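Containing compact mmCIF, C-alpha atoms: start-v1.txt.
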# COMPACT_ATOMS: atom_id res chain seq x y z
CA MET A 1 -114.29 86.91 126.16
CA GLY A 2 -111.70 84.17 125.69
CA LEU A 3 -108.98 85.75 127.82
CA GLU A 4 -108.06 83.55 130.78
CA PRO A 5 -105.96 84.30 133.88
CA GLY A 6 -102.32 83.48 133.25
CA ALA A 7 -102.34 84.80 129.67
CA THR A 8 -99.25 86.95 129.08
CA ASN A 9 -98.10 89.54 126.58
CA THR A 10 -94.56 90.88 126.27
CA LEU A 11 -93.19 93.78 124.34
CA THR A 12 -89.61 94.86 124.00
CA VAL A 13 -88.35 98.40 123.52
CA VAL A 14 -84.94 100.03 123.39
CA VAL A 15 -84.73 103.21 125.43
CA ASP A 16 -84.07 106.27 123.27
CA GLU A 17 -83.88 110.02 123.92
CA SER A 18 -87.64 110.51 123.42
CA MET A 19 -88.38 108.20 126.38
CA THR A 20 -86.16 109.85 128.99
CA ALA A 21 -86.89 111.74 132.17
CA ASP A 22 -85.06 114.65 130.52
CA ARG A 23 -87.87 114.86 127.93
CA PHE A 24 -90.39 115.06 130.78
CA GLY A 25 -88.62 118.06 132.36
CA ASN A 26 -86.05 116.37 134.61
CA THR A 27 -83.13 118.09 132.89
CA GLY A 28 -80.07 115.95 132.29
CA VAL A 29 -81.60 112.69 133.49
CA GLN A 30 -81.09 110.41 130.50
CA VAL A 31 -82.92 107.30 131.73
CA LEU A 32 -86.31 105.71 131.06
CA ALA A 33 -88.94 108.06 132.48
CA THR A 34 -91.58 106.76 134.86
CA PRO A 35 -94.42 108.02 132.59
CA MET A 36 -92.98 105.86 129.79
CA LEU A 37 -92.77 102.84 132.11
CA VAL A 38 -96.46 103.31 132.92
CA SER A 39 -97.33 103.83 129.25
CA TYR A 40 -95.67 100.58 128.18
CA PHE A 41 -97.34 98.69 131.02
CA GLU A 42 -100.71 99.95 129.77
CA LEU A 43 -99.84 99.10 126.17
CA ALA A 44 -98.77 95.55 127.05
CA ALA A 45 -102.04 94.96 128.95
CA HIS A 46 -104.18 96.51 126.22
CA GLN A 47 -102.49 94.42 123.53
CA LEU A 48 -103.11 91.28 125.58
CA ALA A 49 -106.84 92.01 125.81
CA LEU A 50 -107.35 93.10 122.17
CA PRO A 51 -107.65 89.69 120.46
CA ALA A 52 -110.28 88.58 122.97
CA LEU A 53 -112.59 91.57 122.48
CA GLU A 54 -115.88 91.43 120.62
CA PRO A 55 -116.43 93.78 117.65
CA GLY A 56 -117.13 97.29 118.93
CA GLN A 57 -115.38 96.72 122.25
CA GLY A 58 -112.23 98.34 123.58
CA THR A 59 -110.44 98.61 126.89
CA VAL A 60 -109.72 101.65 129.03
CA GLY A 61 -107.31 101.95 131.91
CA SER A 62 -108.89 102.65 135.29
CA HIS A 63 -106.14 102.09 137.86
CA ILE A 64 -102.40 101.58 137.99
CA ASP A 65 -100.17 100.90 140.97
CA VAL A 66 -96.51 100.50 140.03
CA ARG A 67 -93.07 100.89 141.49
CA HIS A 68 -90.19 102.15 139.35
CA LEU A 69 -87.35 100.16 140.89
CA ALA A 70 -84.23 101.00 138.86
CA ALA A 71 -82.95 103.36 136.19
CA THR A 72 -82.47 102.19 132.60
CA PRO A 73 -80.08 104.18 130.37
CA ILE A 74 -80.49 105.11 126.72
CA GLY A 75 -79.66 102.20 124.42
CA MET A 76 -80.68 99.45 126.83
CA ARG A 77 -83.48 96.99 126.01
CA VAL A 78 -86.49 96.68 128.34
CA VAL A 79 -88.96 93.78 128.26
CA PHE A 80 -92.45 94.67 129.53
CA ARG A 81 -94.85 91.90 130.59
CA ALA A 82 -98.55 92.02 131.36
CA THR A 83 -100.14 88.89 132.77
CA LEU A 84 -103.87 88.63 133.35
CA ALA A 85 -104.20 88.01 137.09
CA GLY A 86 -107.98 88.02 137.24
CA ARG A 87 -111.29 88.90 135.63
CA ASP A 88 -114.55 90.06 137.14
CA GLY A 89 -117.11 90.78 134.45
CA ARG A 90 -115.75 93.70 132.43
CA ARG A 91 -112.89 94.34 134.91
CA LEU A 92 -109.45 92.96 133.98
CA VAL A 93 -106.58 92.99 136.48
CA PHE A 94 -103.03 92.57 135.20
CA ARG A 95 -99.73 91.92 136.94
CA VAL A 96 -97.10 94.06 135.17
CA GLU A 97 -93.33 93.68 135.23
CA ALA A 98 -90.42 95.24 133.38
CA ASP A 99 -86.83 94.03 133.19
CA ASP A 100 -83.90 95.68 131.48
CA GLU A 101 -80.81 93.74 130.45
CA GLN A 102 -79.54 93.66 134.04
CA GLU A 103 -82.41 93.79 136.52
CA ARG A 104 -86.10 94.25 137.35
CA VAL A 105 -86.90 97.92 136.75
CA GLY A 106 -90.63 98.07 137.42
CA GLU A 107 -93.55 96.05 138.74
CA GLY A 108 -97.11 96.43 139.91
CA THR A 109 -100.74 96.00 138.93
CA HIS A 110 -102.91 97.57 136.27
CA GLU A 111 -106.69 97.49 135.92
CA ARG A 112 -108.61 97.93 132.68
CA PHE A 113 -112.31 97.77 131.85
CA VAL A 114 -113.87 96.37 128.70
CA VAL A 115 -116.16 99.04 127.24
CA ASP A 116 -118.58 99.40 124.38
CA MET A 117 -116.70 101.97 122.29
CA ALA A 118 -119.83 103.61 120.81
CA ARG A 119 -121.26 104.22 124.29
CA PHE A 120 -117.88 105.36 125.60
CA MET A 121 -117.39 107.84 122.75
CA GLY A 122 -120.99 109.03 123.12
CA ARG A 123 -120.42 109.90 126.78
CA LEU A 124 -117.19 111.65 125.83
CA ALA A 125 -118.96 113.68 123.12
CA ARG A 126 -121.52 114.90 125.67
CA LYS A 127 -118.65 116.38 127.69
CA GLN A 128 -117.44 118.49 124.80
CA PRO A 129 -118.32 122.23 125.03

Could you quickly redo this structure as structure tokens?
Amino acid sequence: MGLEPGATNTLTVVVDESMTADRFGNTGVQVLATPMLVSYFELAAHQLALPALEPGQGTVGSHIDVRHLAATPIGMRVVFRATLAGRDGRRLVFRVEADDEQERVGEGTHERFVVDMARFMGRLARKQP
């Protein structure tokens, strides 16, 4: 795997109604929801790892530890960053950060594992009733 510590991926999104706490049941709270913050952190890390994977490999999230530091309203841009902090065999550890147009809104760490997708899907299939 050619992914080295320090490699970074960024993605930029504009908060819309579908991403708000209101949509997750917190009625009237029209700001970026924490589940969406987590989702974009995972996506940024996954996208960083993708080009370095061998055919038939994928990554799966295994741990996330983040703080949602500030609210971001609808219409504001958020930049999400995942930086590979370390590797240990199949385990990838990322530092994740998010900034809106005014301040840091989230930060933490995210862990993913490189998996053989055929084996992973086979184990999943055995769980099906």

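Between atom CA of A:Thr83 and atom CA of A:Glu4 the interatomic distance comes to 9.8 Å.
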
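Closest to A:Arg95 among A:Ala44, A:Ala70, A:Val60, A:Ala125 is A:Ala44, based on all atoms listed in the file.
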
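Closest approach to A:Pro73 among A:Pro35, A:Gly28, A:Pro51, A:Gly89: A:Gly28, based on all atoms listed in the file.
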
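In this comparison, which uses all atoms listed in the file, the residue of A:Leu48, A:Val114, A:Leu84, A:Ala98 approaching A:His68 most closely is A:Ala98.
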
Counting only C-alpha atoms, the option among A:Asp22, A:Glu17, A:Asp116, A:Asp65 closest to A:Arg90: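 Comparing A:Asp22, A:Glu17, A:Asp116, A:Asp65 against A:Arg90, the winner is A:Asp116.
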
Interatomic distance, atom CA of A:Gly58 to atom CA of A:Arg112 (Å, one decimal):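 Here the two named atoms are 9.8 Å from each other.
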
Residue among A:Leu124, A:Val66, A:Met117, A:Val93 lying closest to A:Tyr40, counting all atoms listed in the file: A:Val66

Proximity to A:Arg23 - best of A:Val105, A:Leu53, A:Met36, A:Ala82, all atoms listed in the file: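 Closest candidate: A:Met36.
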
Test item: residues at most 10 Å from stretch 85-88 of chain A, only C-alpha atoms, excluding those fewer than 6 positions along its chain, as a list in words: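 Counting only C-alpha atoms, the residues come to Leu3, Glu4, Pro5, Gly6, Ala7, Thr8, Phe94, Arg95, Val96, Thr109, His110, Glu111, Arg112 and Phe113 of chain A.
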
Atomic distance atom CA of A:Leu37 - atom CA of A:Met76, expressed in Å with one decimal: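 Atom CA of A:Leu37 sits 13.6 Å away from atom CA of A:Met76.
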
A:Leu11 environment, 8 Å, only C-alpha atoms, sequence neighbours closer than 6 positions dropped, as a ChimeraX atom specification: /A:44,79-81
